[in-house]
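K.L.:
My structure is below; once you've seen it, I'll send some questions.
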Amino acid sequence: MIPRILIIDDMFGRDATTGRNVDRENLCAHLLLEDITGDLAAKSSRQKINTPTAQAFFCRGQAPLSATTGSVVENDLLGTLAVVREGWCKAVDDGAALWTMVLLDLCFYTGRVTETSQQHTPGMPEGRPEDDDPRCYFGLTLLDAIHAEFPELPVLILSSKPREEVSLEFSRRGAIGFIARDDIRGPELLQAAIWQHGLLPDSAGEVVGHSLPMLLALREARCAAAHGGNLLIRAERGTRKELLASYAHRVSGRDSPQRPFVAVNSAVLRTELFASELFGIEPRTASGVDGKIGLVEAADGGDLFLDEIADMPPEVQAAVLRVLQDKQITRVGGRQPRAVDVRFISATNADLENDPRGFRADLLDRLRLGGTLWLPPLRERVTDIPLLAERFVREAEALRPGTLRREITAEALDRLHTYDWPGNVRELRTCLFDAVNRFPDVEHLVPGHIRLKQGTVSVAAKPPVVEPEAAPLSVPSVEKESIDLDGWFAMQSALRFDAREITHWSGRLGELQQAQAWLLARYLLAALEATKRRTPEHPEGVLQIHPAVRLMTGDASLTATRAADVIKRLLGPLEGELHGDLREALGIALRLRPRSPRAISMGS
């Protein structure tokens with residue numbers, strides 16, 4: 001899949017009334033970009049890039065997009081964010097490719113298009129003095145806004161302005177780097193930036209998924225693998241950690257016959273046999289015993305993948321530690337040590353730091369020296385389910401001769417989306433293989449073919465009990481035992497309003513509405529906590545309003561924009577009283593779905 005980037009630039013993004021935008025064509029030729037904007041300028045282009053570095057969608061960042069003599073061109077922050085949002089939120093909802101990266105200009109010229117400016121560059125205004133002031137660059141304003149709403153979206157500065165003028169400012173605002181427009185190394189620099197910082201799926205197709213959590217995991221793997229240090233993969237059971245290990249091996253440049261990838265499950269390394277398995281056997285060690293190359297030696301020059309390292313006996317842990325320290329092994333029956341160049345990629349679903357069986361801290365430190373990679377569970381990347389389902393159904397059909405090729409119906413996908421998948425990707429694969437094997441002679445996969453474990457919910461997916469924040473998250477409480485949601489339903493069903501006792505309830509509508517609002521706010525707070533994405537950089541977790549609202553509603557088809565609307569509806573009445581995660585969630589929702597001018601004026 002070709003990377004898909006967004007370029008926000010006043011000159012390249014304008015849609016010239018004459019049809020062609022020669023400046024844009026020159027940039028595409030220089031950076032090897034395929035123009036997919038679809039405007040008149042793109043349709044009028046006469047060039048074709050045979051092997052493009054990326055597909056580029058151009059945005060002017062201003063209004064109007066196409067200007068003629070007499071037009072007044074102004075910067076358009078809201079319109080530009082709408083373009084970013086369209087390519088981001090729609091992709092999140094549809095499971096399509098996200099923006100890989102944004103290329104952003106710094107200086108945007110505004111003002112009136114005159115005959116002189118039109119003759120010099122069609123559609124470009126004369127500009128105003130403040131446009132060229134580094135303190136007033138519209139590109140920096142855009143950078144702030146994009147980073148605030150889309151913190152995971154990498155932004156690269158593409159400008160003709162001197163880098164030193166704004167180096168500190170664009171770094172503070174979260175840009176990943178700077179490419180000068182006229183740099184002859186432009187194509188190589190862009191390719192390197194996309195590879196290191198871009199949101200890229202696995203080009204080999206082994207790791208399936210276009211969801212943001214999956215793309216972030218792959219990006220972390222590329223960055224960590226490039227340094228050559230030992231890597232530790234942490235994830236729940238069934239997430240296919242071995243595929244991420246293989247990906248790290250492939251992208252690190254160690255994927256060749258001279259740089260092997262050797263995988264081993266640590267559970268097979270028993271105390272009495274591990275030495276011969278790991279280190280090999282010297283020929284003629286005993287009568288009738290042939291020599292044997294061990295796993296470490298077989299991985300020399302490449303990577304050794306140790307899966308489920310929590311299952312390693314203490315003796316094996318000590319032996320692996322010695323290899324990491326000495327970078328050499330001695331075969332069983334041998335006397336001379338052999339030097340080895342091996343990177344260890346390890347994986348576990350256990351909490352090794354608190355595992356009662358004990359795991360050597362010094363070994364753990366060495367196994368994660370090059371970084372820790374976190375692989376998200378399937379419930380955090382449900383938009384990948386259609387892609388995974390397609391892969392697994394085709395695999396199952398291919399393994400059973402005579403099986404008909406089937407279409408996966410929308411209803412079947414809905415059923416797959418509503419399940420929690422405590423066994424993650426492996427459980428999904430088993431489920432779909434079972435469906436194909438039981439119904440080999442059908443052309444459609446329907447919900448009735450899918451067998452799911454009833455009532456199975458992974459512990460990590462259950463919303464935790466969230467205590468109210470320091471701010472008033474509820475109406476004044478009374479000393480009562482805590483109740484669950486079913487208990488609350490029973491209580492509210494028993495509540496009666498007696499028309500003969502109006503003094504008990506008259507005039508209390510506001511209190512009732514406020515109590516209901518805070519009840520829903522506490523419900524949302526638990527969902528936000530349960531769906532936070534935790535990483536080494538953000539161990540406290542990053543809010544994700546879309547998965548949170550999906551968890552609350554049970555609606556797997558809910559889009560990101562609809563989730564934002566739900567948040568606004570729930571928290572809007574409490575806006576002035578919110579703190580912490582609830583306040584942040586409302587802010588995210590308002591950035592995703594700003595209030596209309598009419599709504600703002602009515603509320604003021």
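Following the order of the structure tokens, first chain is A, next is B, and so on, with residues numbered from 1 inside each chain and ligands from 1 in the order they appear.
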Compile the contact shell of range 210-216 of chain A as number ranges by chain: residues with an atom at most 8 Å away, counting only C-alpha atoms, same-chain residues fewer than 4 positions apart removed.

P.N.:
A: 92, 95-98, 199-201, 220, 375-376, 380-384

K.L.:
Export N, CA and C atoms of the chosen residues as a PDB file, in the first residue's frame?

P.N.:
```
ATOM      1  N   VAL A  92     -10.835   6.159  10.252  1.00  0.00           N
ATOM      2  CA  VAL A  92     -11.010   5.430  11.506  1.00  0.00           C
ATOM      3  C   VAL A  92     -12.331   4.680  11.497  1.00  0.00           C
ATOM      4  N   GLY A  95     -12.192   1.831   8.597  1.00  0.00           N
ATOM      5  CA  GLY A  95     -11.088   0.889   8.569  1.00  0.00           C
ATOM      6  C   GLY A  95     -10.163   1.092   7.393  1.00  0.00           C
ATOM      7  N   ALA A  96     -10.226   2.263   6.767  1.00  0.00           N
ATOM      8  CA  ALA A  96      -9.362   2.566   5.623  1.00  0.00           C
ATOM      9  C   ALA A  96      -8.032   3.117   6.119  1.00  0.00           C
ATOM     10  N   ALA A  97      -7.162   3.465   5.162  1.00  0.00           N
ATOM     11  CA  ALA A  97      -5.841   3.976   5.520  1.00  0.00           C
ATOM     12  C   ALA A  97      -5.946   5.394   6.068  1.00  0.00           C
ATOM     13  N   LEU A  98      -5.281   5.648   7.180  1.00  0.00           N
ATOM     14  CA  LEU A  98      -5.217   6.985   7.757  1.00  0.00           C
ATOM     15  C   LEU A  98      -4.215   7.826   6.980  1.00  0.00           C
ATOM     16  N   LEU A 199       2.578   6.705   9.765  1.00  0.00           N
ATOM     17  CA  LEU A 199       1.649   5.664  10.202  1.00  0.00           C
ATOM     18  C   LEU A 199       1.481   4.694   9.038  1.00  0.00           C
ATOM     19  N   LEU A 200       2.284   3.636   9.043  1.00  0.00           N
ATOM     20  CA  LEU A 200       2.375   2.710   7.911  1.00  0.00           C
ATOM     21  C   LEU A 200       1.921   1.314   8.316  1.00  0.00           C
ATOM     22  N   PRO A 201       1.075   0.669   7.506  1.00  0.00           N
ATOM     23  CA  PRO A 201       0.780  -0.746   7.746  1.00  0.00           C
ATOM     24  C   PRO A 201       1.956  -1.610   7.314  1.00  0.00           C
ATOM     25  N   GLU A 220       6.453   2.068  16.424  1.00  0.00           N
ATOM     26  CA  GLU A 220       7.379   1.858  17.539  1.00  0.00           C
ATOM     27  C   GLU A 220       8.344   0.714  17.232  1.00  0.00           C
ATOM     28  N   LEU A 375       1.744  -4.413  22.112  1.00  0.00           N
ATOM     29  CA  LEU A 375       0.841  -4.838  21.047  1.00  0.00           C
ATOM     30  C   LEU A 375      -0.587  -4.742  21.563  1.00  0.00           C
ATOM     31  N   PRO A 376      -1.457  -3.963  20.914  1.00  0.00           N
ATOM     32  CA  PRO A 376      -2.803  -3.740  21.453  1.00  0.00           C
ATOM     33  C   PRO A 376      -3.680  -4.983  21.339  1.00  0.00           C
ATOM     34  N   GLU A 380      -9.219  -3.165  21.281  1.00  0.00           N
ATOM     35  CA  GLU A 380      -8.796  -1.783  21.087  1.00  0.00           C
ATOM     36  C   GLU A 380      -8.571  -1.451  19.616  1.00  0.00           C
ATOM     37  N   ARG A 381      -8.757  -2.433  18.741  1.00  0.00           N
ATOM     38  CA  ARG A 381      -8.595  -2.179  17.305  1.00  0.00           C
ATOM     39  C   ARG A 381      -9.665  -2.925  16.511  1.00  0.00           C
ATOM     40  N   VAL A 382     -10.910  -2.718  16.923  1.00  0.00           N
ATOM     41  CA  VAL A 382     -12.021  -3.449  16.308  1.00  0.00           C
ATOM     42  C   VAL A 382     -12.194  -3.101  14.835  1.00  0.00           C
ATOM     43  N   THR A 383     -11.701  -1.930  14.398  1.00  0.00           N
ATOM     44  CA  THR A 383     -11.828  -1.601  12.975  1.00  0.00           C
ATOM     45  C   THR A 383     -10.980  -2.522  12.105  1.00  0.00           C
ATOM     46  N   ASP A 384     -10.078  -3.292  12.713  1.00  0.00           N
ATOM     47  CA  ASP A 384      -9.280  -4.257  11.954  1.00  0.00           C
ATOM     48  C   ASP A 384      -9.997  -5.591  11.769  1.00  0.00           C
TER      49      ASP A 384
END
```

K.L.:
How would you write, as a compact mmCIF listing (two decimals) with C-alpha atoms, in the first residue's frame, the set of residues in range 363-431 of chain A that DSSP gives as helix (DSSP H, G or I)?

P.N.:
```
# COMPACT_ATOMS: atom_id res chain seq x y z
CA LEU A 363 17.83 -10.52 32.80
CA LEU A 364 14.66 -8.52 32.21
CA ASP A 365 16.66 -5.30 32.00
CA ARG A 366 18.94 -6.77 29.35
CA LEU A 367 16.07 -8.26 27.35
CA LEU A 378 -8.21 -6.85 19.54
CA ARG A 379 -10.90 -4.96 21.49
CA GLU A 380 -8.80 -1.78 21.09
CA VAL A 382 -12.02 -3.45 16.31
CA THR A 383 -11.83 -1.60 12.97
CA ASP A 384 -9.28 -4.26 11.95
CA ILE A 385 -11.81 -7.08 12.38
CA PRO A 386 -13.06 -6.98 8.73
CA LEU A 387 -9.49 -7.26 7.41
CA LEU A 388 -8.63 -10.04 9.85
CA ALA A 389 -11.87 -11.89 9.10
CA GLU A 390 -11.14 -11.78 5.37
CA ARG A 391 -7.64 -13.14 5.96
CA PHE A 392 -8.74 -15.99 8.23
CA VAL A 393 -11.73 -17.07 6.16
CA ARG A 394 -9.56 -17.29 3.03
CA GLU A 395 -6.90 -19.25 4.94
CA ALA A 396 -9.51 -21.72 6.20
CA GLU A 397 -11.00 -22.17 2.72
CA ALA A 398 -7.56 -22.82 1.22
CA LEU A 399 -6.73 -25.51 3.78
CA ALA A 410 -22.39 -7.35 7.10
CA GLU A 411 -24.50 -9.12 9.72
CA ALA A 412 -21.67 -11.57 10.42
CA LEU A 413 -19.22 -8.70 10.84
CA ASP A 414 -21.66 -7.01 13.21
CA ARG A 415 -21.71 -10.16 15.33
CA LEU A 416 -17.92 -10.28 15.36
CA HIS A 417 -17.77 -6.61 16.38
CA THR A 418 -20.07 -7.05 19.37
CA ASN A 424 -7.79 -11.77 20.90
CA VAL A 425 -6.72 -12.46 17.30
CA ARG A 426 -6.06 -16.15 17.93
CA GLU A 427 -9.62 -16.64 19.20
CA LEU A 428 -11.02 -14.80 16.16
CA ARG A 429 -9.01 -17.08 13.86
CA THR A 430 -10.21 -20.21 15.66
CA CYS A 431 -13.81 -18.98 15.51
```

K.L.:
List every residue of range 179-234 of chain A that has an atom at most 12 Å from any atom of range 41-64 of chain A, giving for each one its closest atom pair and the distance in Å to one decimal, counting only C-alpha atoms, sorted by chain and then by ascending residue number, as a Markdown table.

P.N.:
```
| residue | atom | partner | partner_atom | distance |
| --- | --- | --- | --- | --- |
| A:Gly186 | CA | A:Thr53 | CA | 11.0 |
| A:Pro187 | CA | A:Thr53 | CA | 7.6 |
| A:Glu188 | CA | A:Thr53 | CA | 9.3 |
| A:Leu189 | CA | A:Thr53 | CA | 10.9 |
| A:Leu190 | CA | A:Thr53 | CA | 8.2 |
| A:Gln191 | CA | A:Thr53 | CA | 6.7 |
| A:Ala192 | CA | A:Thr53 | CA | 10.5 |
| A:Ala193 | CA | A:Thr53 | CA | 11.3 |
| A:Ile194 | CA | A:Ala54 | CA | 9.0 |
| A:Trp195 | CA | A:Thr53 | CA | 10.7 |
| A:Gly198 | CA | A:Ala54 | CA | 11.1 |
| A:Leu200 | CA | A:Ala54 | CA | 11.2 |
```

K.L.:
Store the residues picked out above, limited to C-alpha atoms, as a PDB file, in the first residue's frame.

P.N.:
```pdb
ATOM      1  CA  GLY A 186      14.084  15.856  -0.805  1.00  0.00           C
ATOM      2  CA  PRO A 187      12.916  12.418  -1.999  1.00  0.00           C
ATOM      3  CA  GLU A 188      15.343  10.578   0.270  1.00  0.00           C
ATOM      4  CA  LEU A 189      14.533  12.807   3.254  1.00  0.00           C
ATOM      5  CA  LEU A 190      10.795  12.336   2.733  1.00  0.00           C
ATOM      6  CA  GLN A 191      11.146   8.565   2.404  1.00  0.00           C
ATOM      7  CA  ALA A 192      13.193   8.445   5.603  1.00  0.00           C
ATOM      8  CA  ALA A 193      10.665  10.602   7.491  1.00  0.00           C
ATOM      9  CA  ILE A 194       7.738   8.476   6.324  1.00  0.00           C
ATOM     10  CA  TRP A 195       9.531   5.282   7.344  1.00  0.00           C
ATOM     11  CA  GLY A 198       4.709   7.742   9.386  1.00  0.00           C
ATOM     12  CA  LEU A 200       2.375   2.710   7.911  1.00  0.00           C
TER      13      LEU A 200
END
```

K.L.:
Could you give me, as a VMD selection string, each residue of range 29-244 of chain A that DSSP assigns to strand (DSSP E) when run on this structure's backbone?

P.N.:
chain A and resid 33 to 35 54 to 59 62 to 63 72 to 75 101 to 104 111 to 112 155 to 159 177 to 180 231 to 234

K.L.:
Could you jot down the CA of Pro440 in chain A to CA of Pro401 in chain A separation for me, Å, one decimal place?

P.N.:
9.4 Å

K.L.:
Please indicate the distance in Å from CA of Val342 in chain A to CA of Leu306 in chain A, rounded to one decimal place.

P.N.:
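Between CA of Val342 in chain A and CA of Leu306 in chain A the gap is 12.1 Å.
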
K.L.:
Got a sec: who's within 12 Å of Trp88 in chain A, counting only C-alpha atoms, leaving out chain neighbours fewer than 3 positions off, as number ranges by chain?

P.N.:
A: 4-6, 81-85, 91-102, 146, 149-153, 199, 210-212, 559-561, 592

K.L.:
Emit the selected residues as a short mmCIF file (atom, residue, chain, number, x, y, z; two decimals), in the first residue's frame, including N, CA and C atoms.

P.N.:
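This went into selection11.cif:
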```cif
data_model
loop_
_atom_site.label_atom_id
_atom_site.label_comp_id
_atom_site.auth_asym_id
_atom_site.auth_seq_id
_atom_site.Cartn_x
_atom_site.Cartn_y
_atom_site.Cartn_z
N ARG A 4 -0.17 7.55 2.20
CA ARG A 4 -1.11 8.61 1.80
C ARG A 4 -0.85 9.81 2.69
N ILE A 5 -0.35 10.91 2.10
CA ILE A 5 0.02 12.07 2.89
C ILE A 5 -0.86 13.26 2.52
N LEU A 6 -0.98 14.19 3.45
CA LEU A 6 -1.71 15.44 3.24
C LEU A 6 -0.70 16.57 3.21
N LEU A 81 -8.81 22.26 9.14
CA LEU A 81 -8.98 21.17 10.11
C LEU A 81 -10.06 20.20 9.65
N ALA A 82 -11.07 20.71 8.94
CA ALA A 82 -12.11 19.83 8.42
C ALA A 82 -11.54 18.85 7.40
N VAL A 83 -10.58 19.31 6.60
CA VAL A 83 -9.93 18.42 5.63
C VAL A 83 -9.11 17.35 6.35
N VAL A 84 -8.36 17.77 7.37
CA VAL A 84 -7.59 16.80 8.15
C VAL A 84 -8.53 15.78 8.78
N ARG A 85 -9.62 16.29 9.34
CA ARG A 85 -10.58 15.44 10.04
C ARG A 85 -11.25 14.45 9.09
N ALA A 91 -11.47 7.54 7.90
CA ALA A 91 -10.63 6.35 7.82
C ALA A 91 -10.77 5.51 9.08
N VAL A 92 -10.83 6.16 10.25
CA VAL A 92 -11.01 5.43 11.51
C VAL A 92 -12.33 4.68 11.50
N ASP A 93 -13.40 5.35 11.01
CA ASP A 93 -14.72 4.72 10.98
C ASP A 93 -14.79 3.58 9.98
N ASP A 94 -14.15 3.73 8.82
CA ASP A 94 -14.28 2.76 7.73
C ASP A 94 -13.20 1.70 7.72
N GLY A 95 -12.19 1.83 8.60
CA GLY A 95 -11.09 0.89 8.57
C GLY A 95 -10.16 1.09 7.39
N ALA A 96 -10.23 2.26 6.77
CA ALA A 96 -9.36 2.57 5.62
C ALA A 96 -8.03 3.12 6.12
N ALA A 97 -7.16 3.46 5.16
CA ALA A 97 -5.84 3.98 5.52
C ALA A 97 -5.95 5.39 6.07
N LEU A 98 -5.28 5.65 7.18
CA LEU A 98 -5.22 6.99 7.76
C LEU A 98 -4.21 7.83 6.98
N TRP A 99 -4.22 9.15 7.26
CA TRP A 99 -3.11 9.95 6.76
C TRP A 99 -1.82 9.36 7.33
N THR A 100 -0.86 9.09 6.48
CA THR A 100 0.44 8.62 6.96
C THR A 100 1.20 9.74 7.63
N MET A 101 1.03 10.96 7.10
CA MET A 101 1.80 12.11 7.57
C MET A 101 1.19 13.36 6.97
N VAL A 102 1.46 14.50 7.60
CA VAL A 102 1.09 15.81 7.05
C VAL A 102 2.37 16.57 6.74
N ILE A 146 -3.53 21.18 14.77
CA ILE A 146 -3.47 19.77 14.35
C ILE A 146 -2.95 18.91 15.50
N GLU A 149 -5.65 18.36 18.24
CA GLU A 149 -6.76 17.46 17.93
C GLU A 149 -6.30 16.08 17.50
N PHE A 150 -5.14 16.01 16.86
CA PHE A 150 -4.65 14.73 16.34
C PHE A 150 -3.20 14.52 16.82
N PRO A 151 -3.01 14.28 18.11
CA PRO A 151 -1.64 14.23 18.65
C PRO A 151 -0.79 13.11 18.07
N GLU A 152 -1.41 12.06 17.51
CA GLU A 152 -0.64 10.96 16.96
C GLU A 152 -0.28 11.16 15.49
N LEU A 153 -0.80 12.21 14.86
CA LEU A 153 -0.57 12.43 13.43
C LEU A 153 0.75 13.17 13.23
N LEU A 199 2.58 6.71 9.76
CA LEU A 199 1.65 5.66 10.20
C LEU A 199 1.48 4.69 9.04
N HIS A 210 -5.11 -1.67 9.88
CA HIS A 210 -4.92 -0.26 9.55
C HIS A 210 -5.36 0.63 10.69
N SER A 211 -5.74 0.06 11.84
CA SER A 211 -6.23 0.87 12.95
C SER A 211 -5.08 1.69 13.54
N LEU A 212 -5.44 2.80 14.18
CA LEU A 212 -4.42 3.66 14.78
C LEU A 212 -3.58 2.92 15.82
N THR A 559 -19.66 5.72 14.78
CA THR A 559 -18.54 6.46 14.20
C THR A 559 -17.94 7.41 15.22
N ALA A 560 -16.76 7.93 14.89
CA ALA A 560 -16.07 8.85 15.79
C ALA A 560 -16.86 10.14 15.96
N THR A 561 -17.47 10.62 14.88
CA THR A 561 -18.23 11.87 14.99
C THR A 561 -19.49 11.67 15.81
N LEU A 592 -13.58 17.79 17.72
CA LEU A 592 -13.99 16.90 16.63
C LEU A 592 -15.29 17.37 15.99
#
```

K.L.:
Using only C-alpha atoms, which of A:Asn26, A:Thr239, A:Gln544, A:Gln516 sits nearest Leu574 in chain A?

P.N.:
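Closest residue, counting only C-alpha atoms: A:Gln516.
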
K.L.:
Smallest atom-to-atom distance to Ala564 in chain A: which of A:Ala245, A:Ala204, A:Ala319, A:Ala589, using only C-alpha atoms?

P.N.:
A:Ala589

K.L.:
Using Å and a single decimal, report how far CA of Leu27 in chain A sits from CA of His147 in chain A.

P.N.:
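If I compute the distance from CA of His147 in chain A to CA of Leu27 in chain A, I get 25.0 Å.
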
K.L.:
Find, counting only C-alpha atoms, the residue in A:Phe497, A:Ala298, A:Val436, A:His197 that gets nearest to Gly448 in chain A.

P.N.:
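Looking at the shortest contact to Gly448 in chain A, the residue is A:Val436.
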
K.L.:
Report as a list of chain:residue names all protein, DNA and RNA residues lying within 6 Å of range 444-446 of chain A, evaluated on only C-alpha atoms, omitting residues in the same chain fewer than 5 positions from it.

P.N.:
A:Arg406, A:Glu407, A:Ile408, A:Thr409, A:Ala412

K.L.:
Write a file of the just-selected residues containing N, CA and C atoms, as a compact mmCIF listing (two decimals), in the first residue's frame.

P.N.:
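Final output, saved to part24.txt:
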```txt
# COMPACT_ATOMS: atom_id res chain seq x y z
N ARG A 406 -16.64 -17.88 0.10
CA ARG A 406 -17.84 -17.25 0.64
C ARG A 406 -17.64 -15.76 0.85
N GLU A 407 -18.76 -15.06 0.82
CA GLU A 407 -18.79 -13.64 1.15
C GLU A 407 -19.10 -13.49 2.63
N ILE A 408 -18.37 -12.60 3.29
CA ILE A 408 -18.63 -12.34 4.71
C ILE A 408 -19.70 -11.26 4.79
N THR A 409 -20.87 -11.61 5.28
CA THR A 409 -21.98 -10.65 5.28
C THR A 409 -21.78 -9.57 6.34
N ALA A 412 -22.71 -10.77 9.75
CA ALA A 412 -21.67 -11.57 10.42
C ALA A 412 -20.60 -10.68 11.03
```
